[in-house]
file structure-v1.txt (compact mmCIF, C-alpha atoms)
# COMPACT_ATOMS: atom_id res chain seq x y z
CA MET A 20 -16.01 -19.97 49.11
CA SER A 21 -12.35 -20.81 49.18
CA PRO A 22 -10.16 -19.17 46.60
CA LEU A 23 -8.86 -21.25 43.74
CA PRO A 24 -5.55 -22.79 44.62
CA ALA A 25 -2.59 -21.05 43.02
CA ARG A 26 -1.15 -23.04 40.16
CA SER A 27 2.52 -23.71 40.10
CA ALA A 28 4.54 -23.41 36.93
CA THR A 29 4.64 -27.19 36.68
CA ASP A 30 0.85 -27.28 36.25
CA PHE A 31 1.15 -25.53 32.91
CA PRO A 32 2.03 -27.43 29.79
CA ALA A 33 5.61 -27.04 28.68
CA ARG A 34 6.12 -24.39 26.02
CA THR A 35 6.60 -26.12 22.72
CA THR A 36 9.37 -25.10 20.36
CA ALA A 37 7.67 -26.64 17.36
CA PRO A 38 5.09 -24.53 15.56
CA VAL A 39 1.56 -25.55 16.36
CA ASN A 40 -0.74 -26.36 13.50
CA GLY A 41 -1.10 -23.31 11.28
CA ASP A 42 1.80 -21.37 12.77
CA LEU A 43 4.59 -20.24 10.52
CA CYS A 44 8.15 -19.95 11.67
CA LEU A 45 10.38 -17.98 9.31
CA ARG A 46 14.02 -17.03 9.28
CA LEU A 47 14.36 -13.40 8.27
CA ALA A 48 17.78 -11.75 8.09
CA GLY A 49 19.21 -14.38 10.41
CA ARG A 50 16.47 -14.18 13.04
CA ALA A 51 13.53 -16.51 13.62
CA CYS A 52 10.07 -15.03 13.57
CA ARG A 53 7.03 -17.00 14.64
CA ILE A 54 3.70 -16.06 13.11
CA SER A 55 0.67 -17.35 14.97
CA GLY A 56 -3.07 -16.96 14.75
CA ILE A 57 -3.48 -17.04 10.97
CA PRO A 58 -7.15 -17.88 10.37
CA GLU A 59 -7.52 -21.21 8.62
CA SER A 60 -9.41 -19.64 5.73
CA TRP A 61 -6.55 -17.17 5.21
CA GLN A 62 -3.77 -19.78 5.07
CA ALA A 63 -4.02 -19.94 1.27
CA ALA A 64 -3.23 -16.22 1.07
CA VAL A 65 0.16 -16.67 2.73
CA PRO A 66 2.65 -15.79 -0.03
CA ALA A 67 4.26 -18.89 -1.53
CA LYS A 68 7.65 -17.18 -1.47
CA LEU A 69 7.65 -17.40 2.34
CA ALA A 70 7.92 -21.20 2.10
CA GLU A 71 11.62 -20.88 1.28
CA TYR A 72 12.18 -19.08 4.58
CA ARG A 73 10.23 -21.52 6.69
CA LEU A 74 11.87 -23.15 9.70
CA PRO A 75 10.65 -26.57 10.85
CA HIS A 76 11.26 -25.73 14.51
CA LEU A 77 11.51 -22.64 16.61
CA PRO A 78 15.07 -22.25 17.90
CA ALA A 79 15.37 -22.76 21.66
CA GLY A 80 15.88 -19.71 23.84
CA PRO A 81 14.52 -16.18 23.61
CA SER A 82 15.85 -15.55 20.14
CA ALA A 83 12.67 -15.48 18.08
CA ASN A 84 10.48 -12.53 17.24
CA ALA A 85 6.73 -13.02 17.16
CA LEU A 86 3.83 -11.85 15.06
CA ARG A 87 0.49 -12.62 16.68
CA ILE A 88 -2.54 -12.23 14.44
CA GLN A 89 -6.04 -11.73 15.80
CA LEU A 90 -9.31 -10.97 14.10
CA ALA A 91 -11.08 -7.80 15.11
CA ASP A 92 -14.71 -7.56 16.05
CA PRO A 93 -16.85 -6.36 13.14
CA GLY A 94 -16.66 -2.57 12.81
CA GLN A 95 -13.69 -2.29 15.18
CA LEU A 96 -11.34 -1.17 12.44
CA PRO A 97 -12.02 1.58 9.90
CA ARG A 98 -12.62 0.30 6.38
CA PRO A 99 -10.17 1.44 3.69
CA GLU A 100 -11.14 3.52 0.73
CA PRO A 101 -12.68 1.33 -1.96
CA GLN A 102 -10.31 2.28 -4.78
CA GLY A 103 -7.09 0.31 -5.09
CA HIS A 104 -3.97 1.87 -3.64
CA ASP A 105 -0.57 0.95 -2.34
CA LEU A 106 -0.71 -0.41 1.22
CA ASN A 107 2.63 1.23 1.96
CA GLU A 108 1.25 4.64 1.18
CA THR A 109 -1.67 4.34 3.53
CA SER A 110 0.07 3.01 6.63
CA SER A 111 0.80 5.23 9.60
CA LEU A 112 3.08 4.81 12.56
CA ASP A 113 2.96 6.23 16.06
CA PHE A 114 6.23 5.99 17.93
CA GLN A 115 6.31 5.42 21.67
CA ALA A 116 9.20 4.72 24.04
CA LYS A 117 8.71 0.96 24.06
CA SER A 118 6.38 0.34 21.15
CA VAL A 119 5.32 1.40 17.70
CA ALA A 120 1.64 1.53 16.83
CA TYR A 121 0.90 0.65 13.22
CA THR A 122 -2.26 1.27 11.25
CA SER A 123 -2.93 0.35 7.66
CA ASP A 124 -5.77 -0.83 5.48
CA TRP A 125 -7.61 -3.77 7.05
CA CYS A 126 -5.37 -3.98 10.09
CA SER A 127 -3.91 -2.24 13.08
CA GLY A 128 -1.13 -3.38 15.35
CA ILE A 129 1.42 -2.71 18.03
CA LEU A 130 5.04 -3.68 17.78
CA HIS A 131 6.51 -4.16 21.26
CA LEU A 132 10.16 -3.19 21.31
CA GLU A 133 11.49 -5.69 23.79
CA GLU A 134 14.53 -7.91 23.66
CA ARG A 135 12.46 -10.21 21.51
CA LEU A 136 10.20 -8.17 19.26
CA GLY A 137 6.53 -9.03 19.41
CA MET A 138 3.81 -7.61 17.24
CA ASP A 139 0.08 -7.95 17.84
CA LEU A 140 -1.75 -7.40 14.58
CA ILE A 141 -5.52 -7.06 14.63
CA CYS A 142 -7.09 -7.70 11.24
CA ASP A 143 -10.50 -6.96 9.82
CA PRO A 144 -12.34 -10.28 9.34
CA GLN A 145 -13.21 -9.13 5.80
CA GLY A 146 -9.55 -8.48 4.98
CA GLY A 147 -8.69 -12.04 3.93
CA PRO A 148 -8.11 -11.20 0.25
CA TYR A 149 -5.55 -8.62 1.34
CA PHE A 150 -3.81 -10.77 3.94
CA ALA A 151 -0.65 -11.25 1.85
CA GLY A 152 -0.07 -7.48 1.85
CA MET A 153 -0.93 -7.11 5.54
CA LEU A 154 1.43 -9.92 6.47
CA GLU A 155 4.29 -8.67 4.32
CA ASN A 156 4.04 -5.13 5.68
CA ALA A 157 3.99 -6.36 9.27
CA LEU A 158 7.04 -8.52 8.60
CA ARG A 159 8.82 -5.58 6.99
CA LEU A 160 8.16 -3.48 10.07
CA ILE A 161 9.37 -6.20 12.44
CA THR A 162 12.47 -6.80 10.32
CA ALA A 163 13.28 -3.08 10.16
CA TYR A 164 13.32 -2.79 13.96
CA ASP A 165 14.96 -6.16 14.49
CA LEU A 166 17.83 -5.16 12.22
CA LEU A 167 18.13 -1.75 13.85
CA TYR A 168 18.44 -3.29 17.32
CA ARG A 169 21.05 -5.71 15.99
CA GLY A 170 23.14 -2.94 14.43
CA GLY A 171 21.90 -3.46 10.88
CA VAL A 172 19.46 -1.72 8.61
CA LEU A 173 16.63 -2.56 6.25
CA LEU A 174 17.27 -0.69 3.04
CA HIS A 175 14.83 0.21 0.30
CA SER A 176 17.12 -1.06 -2.43
CA ALA A 177 18.00 -3.47 -5.21
CA ALA A 178 20.89 -5.82 -4.48
CA ILE A 179 22.77 -6.96 -7.58
CA VAL A 180 25.27 -9.78 -7.24
CA LYS A 181 28.37 -9.46 -9.37
CA GLY A 182 32.00 -10.39 -8.80
CA GLY A 183 31.21 -12.40 -5.68
CA GLY A 184 29.57 -9.52 -3.86
CA ALA A 185 26.50 -7.36 -3.82
CA THR A 186 26.14 -3.84 -5.06
CA ILE A 187 23.24 -2.18 -3.31
CA LEU A 188 21.37 0.39 -5.38
CA PHE A 189 19.13 2.39 -3.10
CA GLY A 190 16.67 5.19 -3.57
CA HIS A 191 13.04 6.10 -3.54
CA SER A 192 10.35 4.57 -5.73
CA GLY A 193 10.95 5.46 -9.36
CA ALA A 194 14.70 5.96 -8.93
CA GLY A 195 15.48 2.99 -11.15
CA LYS A 196 15.91 0.03 -8.80
CA SER A 197 13.67 -2.27 -10.80
CA THR A 198 15.03 -1.05 -14.14
CA ALA A 199 18.61 -1.69 -12.99
CA SER A 200 17.57 -5.11 -11.67
CA ARG A 201 16.07 -6.06 -15.04
CA PHE A 202 19.27 -5.13 -16.85
CA ALA A 203 21.33 -7.08 -14.30
CA MET A 204 19.22 -10.21 -14.55
CA ALA A 205 19.26 -10.03 -18.36
CA GLN A 206 23.05 -10.11 -18.18
CA GLY A 207 23.11 -13.05 -15.79
CA CYS A 208 23.73 -11.15 -12.55
CA PRO A 209 21.49 -12.48 -9.76
CA VAL A 210 19.31 -9.99 -7.88
CA LEU A 211 18.52 -10.59 -4.20
CA SER A 212 15.54 -8.26 -4.29
CA ASP A 213 14.69 -5.27 -6.44
CA ASP A 214 12.83 -3.58 -3.60
CA ILE A 215 14.16 -4.17 -0.10
CA ASN A 216 17.21 -5.88 1.37
CA ALA A 217 18.76 -6.41 4.77
CA LEU A 218 22.15 -4.93 5.52
CA VAL A 219 23.72 -6.96 8.30
CA SER A 220 27.06 -6.53 10.01
CA HIS A 221 29.07 -9.73 10.46
CA ASN A 222 32.08 -9.02 12.65
CA GLY A 223 32.39 -5.56 11.20
CA ASN A 224 31.89 -6.68 7.60
CA TRP A 225 28.67 -5.64 5.92
CA ARG A 226 26.64 -8.22 4.06
CA ALA A 227 23.48 -7.90 2.02
CA GLU A 228 20.92 -10.53 2.88
CA LYS A 229 17.94 -11.56 0.85
CA LEU A 230 14.45 -11.19 2.29
CA PRO A 231 11.13 -12.41 0.91
CA PHE A 232 10.14 -8.90 -0.09
CA CYS A 233 10.54 -7.99 -3.72
CA GLY A 234 9.05 -5.53 -6.14
CA SER A 235 7.90 -5.80 -9.74
CA VAL A 236 10.97 -7.68 -11.00
CA GLY A 237 11.16 -10.31 -8.31
CA ASP A 238 14.35 -12.05 -7.34
CA SER A 239 16.66 -14.59 -8.87
CA THR A 240 18.34 -16.26 -5.93
CA GLY A 241 17.49 -18.69 -3.16
CA ALA A 242 16.18 -17.80 0.29
CA GLY A 243 18.25 -16.03 2.89
CA LEU A 244 21.41 -15.79 0.83
CA ASN A 245 23.88 -13.14 1.79
CA TYR A 246 26.84 -11.59 0.06
CA PRO A 247 29.57 -9.18 1.09
CA VAL A 248 28.65 -5.64 0.18
CA HIS A 249 30.89 -4.13 -2.46
CA ARG A 250 29.21 -0.78 -2.72
CA LEU A 251 26.09 1.11 -1.68
CA LEU A 252 25.02 3.53 -4.39
CA ARG A 253 22.20 6.01 -4.29
CA LEU A 254 20.48 5.97 -7.67
CA GLN A 255 20.15 9.27 -9.44
CA LYS A 256 18.84 9.63 -12.97
CA ASP A 257 21.27 11.20 -15.41
CA ARG A 258 22.24 11.21 -19.06
CA GLU A 259 25.34 9.08 -18.54
CA ASN A 260 26.38 6.38 -16.11
CA ARG A 261 29.01 7.29 -13.54
CA ILE A 262 29.79 6.75 -9.89
CA ALA A 263 30.68 9.48 -7.40
CA VAL A 264 31.96 8.78 -3.89
CA ALA A 265 29.96 10.34 -1.05
CA SER A 266 31.53 11.94 2.01
CA PRO A 267 30.70 10.13 5.27
CA ALA A 268 28.16 12.80 6.26
CA GLU A 269 26.56 12.71 2.84
CA ALA A 270 26.52 8.90 3.04
CA VAL A 271 24.62 9.01 6.34
CA SER A 272 22.09 11.44 4.92
CA LEU A 273 21.59 9.42 1.73
CA LEU A 274 21.14 6.15 3.58
CA MET A 275 18.78 7.75 6.09
CA GLY A 276 16.30 8.46 3.32
CA SER A 277 16.13 4.80 2.32
CA ALA A 278 15.72 3.13 5.73
CA PRO A 279 11.95 2.56 5.82
CA PHE A 280 9.93 2.84 9.03
CA VAL A 281 12.86 3.50 11.36
CA ASN A 282 13.89 6.71 9.60
CA GLN A 283 10.58 8.25 10.68
CA ASP A 284 11.07 7.26 14.31
CA PRO A 285 12.38 10.24 16.31
CA LEU A 286 12.95 8.09 19.39
CA ARG A 287 15.27 5.65 17.65
CA ARG A 288 16.91 8.04 15.19
CA GLU A 289 20.15 8.37 17.14
CA ARG A 290 20.45 4.60 17.07
CA LEU A 291 19.85 4.62 13.32
CA MET A 292 22.45 7.37 12.90
CA ASP A 293 24.96 5.24 14.83
CA VAL A 294 24.34 2.30 12.50
CA LEU A 295 24.48 4.41 9.35
CA GLN A 296 27.66 6.06 10.50
CA THR A 297 29.34 2.67 10.80
CA VAL A 298 28.20 1.91 7.24
CA ALA A 299 29.47 5.30 6.08
CA ASP A 300 32.82 4.70 7.78
CA THR A 301 33.52 1.88 5.34
CA GLY A 302 33.79 4.42 2.53
CA VAL A 303 31.74 2.32 0.11
CA VAL A 304 28.76 4.65 -0.15
CA GLY A 305 28.29 6.84 -3.18
CA ARG A 306 25.96 7.87 -5.95
CA LEU A 307 25.27 6.06 -9.19
CA TYR A 308 24.25 8.49 -11.89
CA PHE A 309 22.13 6.16 -13.97
CA SER A 310 21.08 6.64 -17.58
CA LYS A 311 18.77 3.64 -17.49
CA ASP A 312 20.83 1.39 -19.72
CA ALA A 313 22.84 -1.75 -19.02
CA HIS A 314 26.24 -0.02 -19.20
CA PHE A 315 26.06 0.81 -15.49
CA LEU A 316 26.96 -2.85 -14.92
CA ASP A 317 30.44 -2.14 -16.30
CA LEU A 318 30.97 0.28 -13.41
CA ILE A 319 30.14 -2.13 -10.61
CA CYS A 320 32.55 -4.92 -9.78
CA MET B 29 21.72 39.91 12.63
CA MET B 30 25.21 40.07 14.08
CA GLU B 31 24.00 40.89 17.58
CA GLN B 32 21.18 38.41 17.46
CA ILE B 33 21.22 35.27 19.57
CA TRP B 34 20.02 32.17 17.78
CA ARG B 35 19.06 28.82 19.12
CA LEU B 36 18.38 25.52 17.48
CA GLU B 37 14.77 24.45 17.00
CA PRO B 38 14.28 21.78 19.72
CA LYS B 39 13.27 19.17 17.14
CA ILE B 40 16.62 19.44 15.40
CA ARG B 41 19.47 17.05 16.08
CA PHE B 42 22.89 17.21 14.57
CA ARG B 43 26.08 15.27 14.81
CA ARG B 44 29.62 15.57 13.55
CA VAL B 45 30.60 12.94 10.97
CA PHE B 46 34.32 13.47 10.37
CA ASP B 47 34.66 17.06 9.15
CA GLU B 48 31.03 17.59 8.19
CA GLY B 49 27.75 17.53 10.03
CA VAL B 50 24.44 15.75 9.56
CA LEU B 51 21.44 17.71 10.71
CA ILE B 52 18.04 16.09 11.13
CA HIS B 53 14.62 17.57 11.60
CA GLN B 54 12.98 15.06 13.93
CA ASP B 55 9.39 15.80 12.96
CA ARG B 56 9.89 16.10 9.23
CA ALA B 57 12.53 13.34 9.08
CA GLU B 58 14.54 15.59 6.79
CA VAL B 59 18.29 15.35 6.66
CA MET B 60 20.79 18.03 5.69
CA VAL B 61 24.54 17.85 5.33
CA ILE B 62 26.41 20.89 6.58
CA ASN B 63 30.04 21.82 6.06
CA GLU B 64 32.64 22.20 8.76
CA VAL B 65 32.10 25.96 9.16
CA GLY B 66 28.36 25.53 9.60
CA LEU B 67 28.90 22.65 11.97
CA THR B 68 31.28 24.63 14.17
CA PHE B 69 28.81 27.53 14.22
CA LEU B 70 26.02 25.21 15.39
CA GLU B 71 28.25 23.67 18.05
CA LEU B 72 28.82 27.16 19.44
CA CYS B 73 25.21 28.26 18.97
CA ASP B 74 24.14 27.69 22.56
CA GLY B 75 21.40 30.28 22.97
CA GLN B 76 23.81 32.50 24.92
CA ARG B 77 26.22 33.86 22.33
CA SER B 78 25.41 36.29 19.53
CA VAL B 79 26.45 35.67 15.95
CA ALA B 80 29.26 38.18 16.36
CA GLN B 81 30.52 36.44 19.51
CA ILE B 82 30.45 33.07 17.78
CA ILE B 83 32.35 34.41 14.78
CA HIS B 84 34.90 35.92 17.16
CA ARG B 85 35.41 32.46 18.66
CA MET B 86 35.61 30.80 15.25
CA LYS B 87 37.94 33.22 13.51
CA PRO B 88 41.28 31.83 14.83
CA GLN B 89 40.33 28.38 13.50
CA TYR B 90 39.94 29.45 9.87
CA ALA B 91 42.45 30.84 7.43
CA VAL B 92 39.97 33.24 5.85
CA SER B 93 39.34 36.93 6.29
CA GLU B 94 36.80 38.01 8.87
CA ASN B 95 34.68 39.50 6.08
CA GLU B 96 34.57 36.16 4.31
CA LEU B 97 33.65 34.32 7.49
CA VAL B 98 30.96 36.88 8.32
CA ARG B 99 29.51 36.57 4.81
CA ASP B 100 29.43 32.76 4.98
CA ILE B 101 27.91 32.67 8.45
CA ARG B 102 25.26 35.29 7.62
CA SER B 103 24.23 33.31 4.59
CA PHE B 104 24.18 30.06 6.60
CA VAL B 105 22.12 31.58 9.42
CA ALA B 106 19.65 33.11 6.97
CA GLU B 107 19.18 29.77 5.21
CA LEU B 108 18.65 27.87 8.45
CA ALA B 109 16.31 30.53 9.80
CA ASP B 110 14.24 30.32 6.61
CA GLU B 111 14.00 26.57 7.10
CA GLY B 112 12.89 27.04 10.71
CA ILE B 113 16.01 25.27 11.94
CA LEU B 114 17.40 28.29 13.79
CA LEU B 115 15.09 30.37 15.94
CA SER B 116 15.90 33.95 16.77
CA GLY B 117 16.13 34.97 20.38
CA GLU B 118 16.90 38.32 21.94
CA ALA B 119 19.63 40.60 20.65
CA VAL B 120 22.73 41.15 22.75
CA GLN B 121 22.93 44.80 23.91
CA ARG B 122 26.29 46.42 23.38

call {"tool": "encode", "arguments": {"input": "structure-v1.txt", "output": "structure tokens"}}
result
Amino acid sequence: MSPLPARSATDFPARTTAPVNGDLCLRLAGRACRISGIPESWQAAVPAKLAEYRLPHLPAGPSANALRIQLADPGQLPRPEPQGHDLNETSSLDFQAKSVAYTSDWCSGILHLEERLGMDLICDPQGGPYFAGMLENALRLITAYDLLYRGGVLLHSAAIVKGGGATILFGHSGAGKSTASRFAMAQGCPVLSDDINALVSHNGNWRAEKLPFCGSVGDSTGAGLNYPVHRLLRLQKDRENRIAVASPAEAVSLLMGSAPFVNQDPLRRERLMDVLQTVADTGVVGRLYFSKDAHFLDLIC
Amino acid sequence: MMEQIWRLEPKIRFRRVFDEGVLIHQDRAEVMVINEVGLTFLELCDGQRSVAQIIHRMKPQYAVSENELVRDIRSFVAELADEGILLSGEAVQR
């Protein structure tokens, strides 16, 4: 039997730049990300807030990241514990030289750290009701690495817009990000997100950019907006509101604690340190001692 | 302690950020800020020199008495050893 003739590149259909039916193409922190393979019955679970970030066409050239979703065979993935819990608290990461393996409830995936990031996410066929959480977490992971490789950082933070710029309040869960965001919104200051924001360098100037990831308060601005960063303040509960400047080394250490995913990655930590040191060099990092009242807004410009 | 040689736990990374240092435990993802004296000590802590030899090298750089420097370094080494950041090696024989 003669072997099949080799096919030339011209035999293959041209790669389309428009999303195929069911694909989503989003713009996250200035970068396109194409999401493919969403099962038809799961389309309704795609968070409505992503619509604002949707791109009609994939930009030409190798500039887009990709999230490829596949359904697992039954029993291929371990089932999560039945009681409700936070997806973020049950995910685990395994860091390799050119990839990051990710496991969480209802899904497991590999993020390939190439010039264009690509993540293959295998989902439990029964996980449809939880798809919004699975999708958001995967996008957070992709965005964290995408920003890191572009010299930026994803920061667990609230971004409050006042005086034409953003003040980034960062810190762990329970530090007061959502409380501060509520006070800010009540006083007419827009909030990009009360949970996670992108910090992007534009020609050496740091800007806070809105992402479709928010916490209990939500957001009060349009998609993808960005503002110059006035200050980055680590929230710390106290009896009175005041701001203290952090030394550059202290700034690096404070920021390190609020850079999700990548701050656990020992293979990319030097890169993260480089980025955080450039943020620290601006001298705008400090601590906000926060008494959980609206008067802190008087301290931020 | 003064004749002891110390070396950094292999999972620890540190870097100078202006006149302070940032020290990271790679496995635990813990970060610590250290002052200039501690940073200089770690930069000289190469697994070859004893604490006394390092202090001898450091002394001309600091306008403090040797006793004060010794006290600070002993306290710093003890803290880092407790944290598993510095590992003790052999003692230098006089």

call {"tool": "interface_residues", "arguments": {"input": "structure-v1.txt", "of": "chain B", "to": "chain A", "cutoff": "10 Å", "atoms": "all atoms listed in the file", "output": "PDB file with C-alpha atoms, keeping the file's coordinate frame"}}
result
ATOM      1  CA  LYS B  39      13.270  19.170  17.140  1.00  0.00           C
ATOM      2  CA  ARG B  41      19.470  17.050  16.080  1.00  0.00           C
ATOM      3  CA  PHE B  42      22.890  17.210  14.570  1.00  0.00           C
ATOM      4  CA  ARG B  43      26.080  15.270  14.810  1.00  0.00           C
ATOM      5  CA  ARG B  44      29.620  15.570  13.550  1.00  0.00           C
ATOM      6  CA  VAL B  45      30.600  12.940  10.970  1.00  0.00           C
ATOM      7  CA  PHE B  46      34.320  13.470  10.370  1.00  0.00           C
ATOM      8  CA  ASP B  47      34.660  17.060   9.150  1.00  0.00           C
ATOM      9  CA  GLU B  48      31.030  17.590   8.190  1.00  0.00           C
ATOM     10  CA  GLY B  49      27.750  17.530  10.030  1.00  0.00           C
ATOM     11  CA  VAL B  50      24.440  15.750   9.560  1.00  0.00           C
ATOM     12  CA  LEU B  51      21.440  17.710  10.710  1.00  0.00           C
ATOM     13  CA  ILE B  52      18.040  16.090  11.130  1.00  0.00           C
ATOM     14  CA  HIS B  53      14.620  17.570  11.600  1.00  0.00           C
ATOM     15  CA  GLN B  54      12.980  15.060  13.930  1.00  0.00           C
ATOM     16  CA  ASP B  55       9.390  15.800  12.960  1.00  0.00           C
ATOM     17  CA  ARG B  56       9.890  16.100   9.230  1.00  0.00           C
ATOM     18  CA  ALA B  57      12.530  13.340   9.080  1.00  0.00           C
ATOM     19  CA  GLU B  58      14.540  15.590   6.790  1.00  0.00           C
ATOM     20  CA  VAL B  59      18.290  15.350   6.660  1.00  0.00           C
ATOM     21  CA  MET B  60      20.790  18.030   5.690  1.00  0.00           C
ATOM     22  CA  VAL B  61      24.540  17.850   5.330  1.00  0.00           C
ATOM     23  CA  ILE B  62      26.410  20.890   6.580  1.00  0.00           C
ATOM     24  CA  ASN B  63      30.040  21.820   6.060  1.00  0.00           C
TER      25      ASN B  63
END

call {"tool": "atom_distance", "arguments": {"input": "structure-v1.txt", "atom1": "atom CA of A:Ile129", "atom2": "atom CA of A:Arg290"}}
result
20.4 Å

call {"tool": "atom_distance", "arguments": {"input": "structure-v1.txt", "atom1": "atom CA of A:Leu45", "atom2": "atom CA of A:Gln62"}}
result
14.9 Å

call {"tool": "atom_distance", "arguments": {"input": "structure-v1.txt", "atom1": "atom CA of A:Met153", "atom2": "atom CA of A:Trp125"}}
result
7.6 Å

call {"tool": "residues_near_point", "arguments": {"input": "structure-v1.txt", "point": "(7.3, 5.2, 24.2)", "cutoff": "12 Å", "atoms": "only C-alpha atoms", "output": "compact mmCIF listing (two decimals) with C-alpha atoms, in the frame of the given file"}}
result
# COMPACT_ATOMS: atom_id res chain seq x y z
CA ASP A 113 2.96 6.23 16.06
CA PHE A 114 6.23 5.99 17.93
CA GLN A 115 6.31 5.42 21.67
CA ALA A 116 9.20 4.72 24.04
CA LYS A 117 8.71 0.96 24.06
CA SER A 118 6.38 0.34 21.15
CA VAL A 119 5.32 1.40 17.70
CA ALA A 120 1.64 1.53 16.83
CA ILE A 129 1.42 -2.71 18.03
CA LEU A 130 5.04 -3.68 17.78
CA HIS A 131 6.51 -4.16 21.26
CA LEU A 132 10.16 -3.19 21.31
CA GLU A 133 11.49 -5.69 23.79
CA ASP A 284 11.07 7.26 14.31
CA PRO A 285 12.38 10.24 16.31
CA LEU A 286 12.95 8.09 19.39
CA ARG A 287 15.27 5.65 17.65
